[in-house]
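Below is one structure, written out as structure tokens; the observations come after it.
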Amino acid sequence: MIHEIQEGYVKIDHDHGITSLEFYHPQSNALPGKLLHELAQEIHIAGLDPKTKVIILRSAGDRAFCAGAAFEELESIQTESEGTKFFSGFAEVINAMRKCPKFIIGRIQGKCVGGGVGLAAAVDYCIAWEKVEIRLSELALGIGPFVIGPAVERKIGISAFSQLAIDATLWRNADWAKKKGLFAEVHESIENMDHSINRLALSLAHSNPDAMKEMKKSFWKGTEHWDELLHEKAAISGKLVLGDYTKEAIARFRKARETQKTKAPA
Amino acid sequence: MIHEIQEGYVKIDHDHGITSLEFYHPQSNALPGKLLHELAQEIHIAGLDPKTKVIILRSAGDRAFCAGAAFEELESIQTESEGTKFFSGFAEVINAMRKCPKFIIGRIQGKCVGGGVGLAAAVDYCIAWEKVEIRLSELALGIGPFVIGPAVERKIGISAFSQLAIDATLWRNADWAKKKGLFAEVHESIENMDHSINRLALSLAHSNPDAMKEMKKSFWKGTEHWDELLHEKAAISGKLVLGDYTKEAIARFRKARETQKTKAPA
Amino acid sequence: MIHEIQEGYVKIDHDHGITSLEFYHPQSNALPGKLLHELAQEIHIAGLDPKTKVIILRSAGDRAFCAGAAFEELESIQTESEGTKFFSGFAEVINAMRKCPKFIIGRIQGKCVGGGVGLAAAVDYCIAWEKVEIRLSELALGIGPFVIGPAVERKIGISAFSQLAIDATLWRNADWAKKKGLFAEVHESIENMDHSINRLALSLAHSNPDAMKEMKKSFWKGTEHWDELLHEKAAISGKLVLGDYTKEAIARFRKARETQKTKAPA
């Protein structure tokens with residue numbers, strides 16, 4: 001089943017208790033609001049479906065897992081409420097993931113930027129390729145990693161989270177992400193990565209759903225206020241994004257991205 | 001002084017302010033309820049004894065530090081209240097350790113499984129041999145690491161704890177456990193490990209007991225509700241353990257263990 | 001601008017939005033109460049000054065970043081209230097750092113002991129030289145790392161913090177401190193370290209101050225009670241320091257330090 005939205009999609013596959021959710025967007029899997037909403041919905045549905053025992057979250061292509069928020073939308077924001085709504089997209093997905101009573105395995109085959117790091121942090125078990133790099137570039141855009149902050153801090157702690165957030169132009173490699181706890185496993189080939197994901201998913205598909213549900217609940221204990229918290233965080237970004245700082249930063253960033261595109265594919 | 005219980009024991013030694021508590025059970029130091037109760041009692045007594053300045057928690061033999069809960073008892077559980085009582089055994093020991101006003105050094109000379117990982121997490125300073133491996137196999141038994149969860153998460157964080165708990169069949173080595181913070185030190189030989197344990201114990205035996213008492217209190221701040229919390233957690237396991245999933249898993253696990261025994265000692 | 005106090009100083013430099021605060025004391029940059037108070041004041045002032053975009057905290061010389069509390073003062077304490085006041089010095093600086101709405105980069109060019117580790121933990125981004133070693137020697141003095149505890153635990157977690165605090169005579173190297181999250185970066189030469197500090201400071205000096213203010217607030221969320229908490233902690237140390245244990249330990253420590261001085265500079 002494929003839901004095509006604008007230029008991207010969310011694709012759902014069921015296989016022996018394993019539900020794969022794959023998202024795609026031509027711009028390095030950057031996610032516009034509609035795709036984020038669609039993704040949150042599908043996670044919610046898979047959580048309710050008794051045939052789903054475990055979920056794999058993945059993205060299409062081999063370059064970027066997720067480049068964060070969609071630039072076109074970011075640039076078009078004119079009011080605080082539009083801004084808040086825009087940044088609520090990742091909040092909705094992260095909240096769907098934490099409330100889903102099933103384990104979500106993340107398949108990280110490419111770069112994670114901004115919101116993409118948030119998704120990797122919000123899965124329950126993250127398996128990545130060793131060439132993957134991550135970055136929280138929000139501050140370079142005049143904003144900050146507010147909405148995804150609680151999910152990232154929960155997984156890697158305040159020290160590693162603030163390192164990523166403060167030095168917003170530095171890429172950190174998969175080894176760093178593994179040491180800090182973002183990735184549970186890092187594999188030297190895509191093949192090995194997929195092998196390990198399948199092994200774990202199969203094992204969980206045959207495990208006790210009641211036990212997994214209780215484990216999921218206990219792992220996410222203390223995050224019951226995140227529906228409100230992440231919305232408040234979205235409002236912070238929604239306000240900052242209207243400042244001149246961000247307008248100029250987005251223009252600079254966009255230009256650099258386009259120059260890079262002409263030179264060589266990143 | 002030795003308290004023999006069924007087939008195992010808890011042995012207590014005092015030496016110049018250092019109290020060693022050694023437990024033993026013929027089945028890879030898996031702990032039945034009575035031994036857990038005895039161990040909790042002895043930790044409590046050592047905590048009150050002015051002659052005890054520091055405690056070393058150790059187990060007998062050179063294969064397993066502790067294989068977790070005793071299988072015979074696990075299999076015999078018929079009601080939720082029996083289940084809750086069974087799983088409360090590790091809760092009692094962990095609570096005795098956290099409330100003990102003295103530092104507890106863990107001597108980890110062999111494998112830690114399930115509740116054994118919980119004991120390693122609940123000591124204040126853990127020194128291990130480099131060949132040690134650890135595993136939280138609860139989910140493979142249809143249950144989950146609920147009772148020991150708070151102690152493990154406190155020590156190694158939610159990321160590492162959930163990695164261990166979700167991939168329930170994977171052994172993690174001592175290096176992993178050290179990186180994640182479960183072990184403070186890892187030594188290449190049992191001799192070096194014991195040398196380091198003795199050095200630290202001796203140093204603490206000559207340190208200010210009032211300062212250590214205040215430090216212990218501050219390290220465990222925020223766990224005041226664990227008497228109730230761990231009991232609630234025991235009730236979750238106590239309920240899950242009655243399901244068909246667990247009955248079958250225990251039978252499979254037991255068979256595998258017995259087959260392994262016939263082949264070669266693990 | 002230099003404020004000379006007794007034998008030490010706090011020096012302030014402004015350069016294109018970057019404010020450097022340098023402290024110095026002839027005794028391995030151990031900090032007496034007056035210097036701590038001065039440092040807290042200057043952090044507060046820089047936080048308010050619109051010309052300051054980012055702060056660098058550094059110390060003079062190339063041996064010790066900060067050896068902790070000043071021994072002369074420690075020895076002269078006669079009452080609990082004097083003790084509490086003395087230990088409140090680091091509390092004041094840590095509280096000034098956490099409440100400062102600007103990012104503070106720590107430049108760690110030498111050993112950190114006791115309170116010095118607390119300062120390194122309370123900066124927002126710590127860049128160190130690879131030969132640096134750290135130690136929490138409080139317990140060896142009959143006291144404990146109470147005042148700095150919350151800052152250190154927040155940054156490196158309860159496991160690493162308790163390791164440092166319990167084994168009070170063991171030096172841990174910069175690699176350990178980086179792995180545990182105390183240092184964000186470790187460089188093989190002072191030159192590279194300074195290059196990296198300048199790069200980051202320059203980048204932050206051109207970043208959105210409103211975004212950084214919100215990020216700082218979110219990083220330190222949950223520490224709003226530290227004004228009281230750290231004062232309570234100071235009272236614990238203030239009481240312990242009057243015991244015979246500490247008196248003797250200080251005498252021993254002082255003697256060892258003086259012997260070491262005669263032999264070779266540490």
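Chain labels run A, B, ... following the order of the structure tokens; each chain numbers its residues from 1, and ligands are numbered from 1 in the order shown.
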
Residues near A:Asn29, anyone? I mean within 9 Å using only C-alpha atoms, not counting same-chain ones fewer than 2 positions away, as a ChimeraX atom specification.
/A:8,23-27,31,59-61,63-70,116

Using DSSP on the backbone coordinates, identify the residues of stretch 2-247 of chain A assigned to helix (DSSP H, G or I); present them as a VMD selection string.
chain A and resid 33 to 48 71 to 76 80 to 99 115 to 122 138 to 141 149 to 166 174 to 179 190 to 205 209 to 219 226 to 240 244 to 247

With C-alpha atoms retained, export the selected residues as a compact mmCIF listing (two decimals), in the first residue's frame.
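File produced: again07.txt:
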```txt
# COMPACT_ATOMS: atom_id res chain seq x y z
CA GLY A 33 4.09 18.36 7.05
CA LYS A 34 1.75 16.11 5.13
CA LEU A 35 4.24 13.24 5.02
CA LEU A 36 4.93 13.64 8.74
CA HIS A 37 1.23 13.51 9.46
CA GLU A 38 0.83 10.46 7.24
CA LEU A 39 3.75 8.74 8.95
CA ALA A 40 2.33 9.42 12.42
CA GLN A 41 -1.01 7.99 11.30
CA GLU A 42 0.54 4.80 9.96
CA ILE A 43 2.53 4.28 13.16
CA HIS A 44 -0.68 4.70 15.13
CA ILE A 45 -2.52 2.20 12.89
CA ALA A 46 0.30 -0.36 13.07
CA GLY A 47 0.25 0.02 16.85
CA LEU A 48 -3.41 -0.99 16.92
CA PHE A 71 12.94 23.64 3.15
CA GLU A 72 10.16 24.86 0.89
CA GLU A 73 7.72 24.80 3.77
CA LEU A 74 10.20 26.34 6.17
CA GLU A 75 10.68 29.31 3.87
CA SER A 76 7.00 29.88 3.35
CA GLU A 80 3.91 32.17 14.53
CA SER A 81 0.97 29.81 14.27
CA GLU A 82 2.11 28.60 10.86
CA GLY A 83 5.57 28.13 12.34
CA THR A 84 4.26 26.21 15.32
CA LYS A 85 2.14 24.02 13.06
CA PHE A 86 5.13 23.29 10.83
CA PHE A 87 7.37 22.23 13.72
CA SER A 88 4.56 20.16 15.23
CA GLY A 89 5.00 17.66 12.41
CA PHE A 90 7.99 15.93 13.96
CA ALA A 91 6.30 16.21 17.37
CA GLU A 92 3.38 14.23 16.02
CA VAL A 93 5.60 11.44 14.68
CA ILE A 94 7.73 11.23 17.82
CA ASN A 95 4.62 11.10 20.00
CA ALA A 96 3.12 8.39 17.81
CA MET A 97 6.32 6.37 18.15
CA ARG A 98 6.53 6.67 21.94
CA LYS A 99 2.86 5.79 22.42
CA GLY A 115 14.44 16.02 12.60
CA GLY A 116 16.03 12.92 11.08
CA VAL A 117 18.16 12.58 14.21
CA GLY A 118 14.93 12.95 16.18
CA LEU A 119 13.37 9.99 14.37
CA ALA A 120 16.49 7.86 14.93
CA ALA A 121 16.35 8.77 18.63
CA ALA A 122 12.66 7.96 19.01
CA GLU A 138 19.21 23.86 13.55
CA LEU A 139 21.35 26.57 15.17
CA ALA A 140 23.02 27.24 11.81
CA LEU A 141 19.50 28.08 10.61
CA GLY A 149 15.34 17.68 21.90
CA PRO A 150 13.54 15.57 24.52
CA ALA A 151 13.78 12.44 22.34
CA VAL A 152 17.47 12.97 21.58
CA GLU A 153 18.38 13.85 25.18
CA ARG A 154 16.46 10.82 26.48
CA LYS A 155 18.54 8.52 24.26
CA ILE A 156 22.04 10.01 24.37
CA GLY A 157 22.00 12.18 27.47
CA ILE A 158 22.36 15.93 27.95
CA SER A 159 26.11 15.98 27.25
CA ALA A 160 26.04 14.37 23.80
CA PHE A 161 22.81 16.15 22.89
CA SER A 162 24.22 19.56 23.72
CA GLN A 163 27.46 18.76 21.87
CA LEU A 164 25.46 18.01 18.72
CA ALA A 165 23.19 21.01 19.14
CA ILE A 166 25.88 23.60 19.95
CA ALA A 174 28.23 6.43 13.14
CA ASP A 175 30.85 5.35 15.65
CA TRP A 176 30.20 8.48 17.70
CA ALA A 177 26.45 7.88 17.47
CA LYS A 178 26.92 4.29 18.65
CA LYS A 179 29.15 5.26 21.56
CA ILE A 190 24.18 -2.43 4.04
CA GLU A 191 23.79 -6.18 3.59
CA ASN A 192 24.97 -6.97 7.11
CA MET A 193 22.80 -4.18 8.48
CA ASP A 194 19.73 -5.61 6.80
CA HIS A 195 20.63 -9.10 7.92
CA SER A 196 20.77 -7.95 11.53
CA ILE A 197 17.52 -5.99 11.23
CA ASN A 198 15.75 -9.05 9.83
CA ARG A 199 17.12 -11.31 12.52
CA LEU A 200 15.94 -9.02 15.30
CA ALA A 201 12.56 -8.28 13.70
CA LEU A 202 11.91 -11.99 13.21
CA SER A 203 12.87 -12.74 16.79
CA LEU A 204 10.56 -10.00 18.10
CA ALA A 205 7.74 -11.12 15.81
CA PRO A 209 3.39 -9.23 22.65
CA ASP A 210 2.17 -8.63 26.22
CA ALA A 211 5.73 -8.61 27.53
CA MET A 212 6.86 -6.24 24.77
CA LYS A 213 3.94 -3.92 25.46
CA GLU A 214 4.88 -3.73 29.14
CA MET A 215 8.55 -3.21 28.28
CA LYS A 216 7.70 -0.42 25.84
CA LYS A 217 5.60 1.25 28.54
CA SER A 218 8.39 1.02 31.08
CA PHE A 219 11.05 2.29 28.65
CA TRP A 226 5.32 14.96 25.83
CA ASP A 227 2.11 15.67 23.90
CA GLU A 228 2.09 19.10 25.51
CA LEU A 229 5.86 19.47 25.90
CA LEU A 230 6.68 18.89 22.25
CA HIS A 231 3.92 21.27 21.22
CA GLU A 232 5.41 23.95 23.48
CA LYS A 233 8.79 23.25 21.90
CA ALA A 234 7.26 23.65 18.44
CA ALA A 235 6.02 27.09 19.49
CA ILE A 236 9.60 28.13 20.41
CA SER A 237 10.85 27.17 16.95
CA GLY A 238 7.73 28.65 15.37
CA LYS A 239 8.60 32.02 16.85
CA LEU A 240 12.34 31.96 16.17
CA ASP A 244 15.74 37.91 10.29
CA TYR A 245 18.46 35.58 11.48
CA THR A 246 16.60 32.58 10.20
CA LYS A 247 15.47 34.17 6.97
```

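Atom to atom, atom CA of A:Ile77 and atom CA of A:Leu242 stand 7.4 Å apart.
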
Considering only C-alpha atoms, give me a table of residues in chain B that are at most 6 Å from chain A, with the closest atom pair and distance in Å for each, as a Markdown table.
```
| residue | atom | partner | partner_atom | distance |
| --- | --- | --- | --- | --- |
| B:Gly142 | CA | A:Asn208 | CA | 5.2 |
| B:Ile143 | CA | A:Ala211 | CA | 5.3 |
| B:Gly144 | CA | A:Ala211 | CA | 6.0 |
| B:Ser159 | CA | A:Lys155 | CA | 5.3 |
```

Would you output that residue set with N, CA and C atoms, as a PDB file, in the first residue's frame?
```pdb
ATOM      1  N   GLY B 142       9.511 -14.895  27.582  1.00  0.00           N
ATOM      2  CA  GLY B 142       8.131 -14.417  27.564  1.00  0.00           C
ATOM      3  C   GLY B 142       7.816 -13.387  28.627  1.00  0.00           C
ATOM      4  N   ILE B 143       8.845 -12.996  29.384  1.00  0.00           N
ATOM      5  CA  ILE B 143       8.623 -11.950  30.392  1.00  0.00           C
ATOM      6  C   ILE B 143       9.477 -10.726  30.022  1.00  0.00           C
ATOM      7  N   GLY B 144       9.930  -9.965  30.984  1.00  0.00           N
ATOM      8  CA  GLY B 144      10.773  -8.809  30.691  1.00  0.00           C
ATOM      9  C   GLY B 144      11.577  -8.447  31.927  1.00  0.00           C
ATOM     10  N   SER B 159      19.120   3.986  26.855  1.00  0.00           N
ATOM     11  CA  SER B 159      19.521   3.452  25.552  1.00  0.00           C
ATOM     12  C   SER B 159      20.158   2.072  25.705  1.00  0.00           C
TER      13      SER B 159
END
```

Of the candidates B:Ile18, B:Val186, B:Val132, B:Ala30, which shows the shortest atom-to-atom distance to B:Pro50, using only C-alpha atoms?
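That would be B:Ile18, the residue with the smallest distance to B:Pro50.
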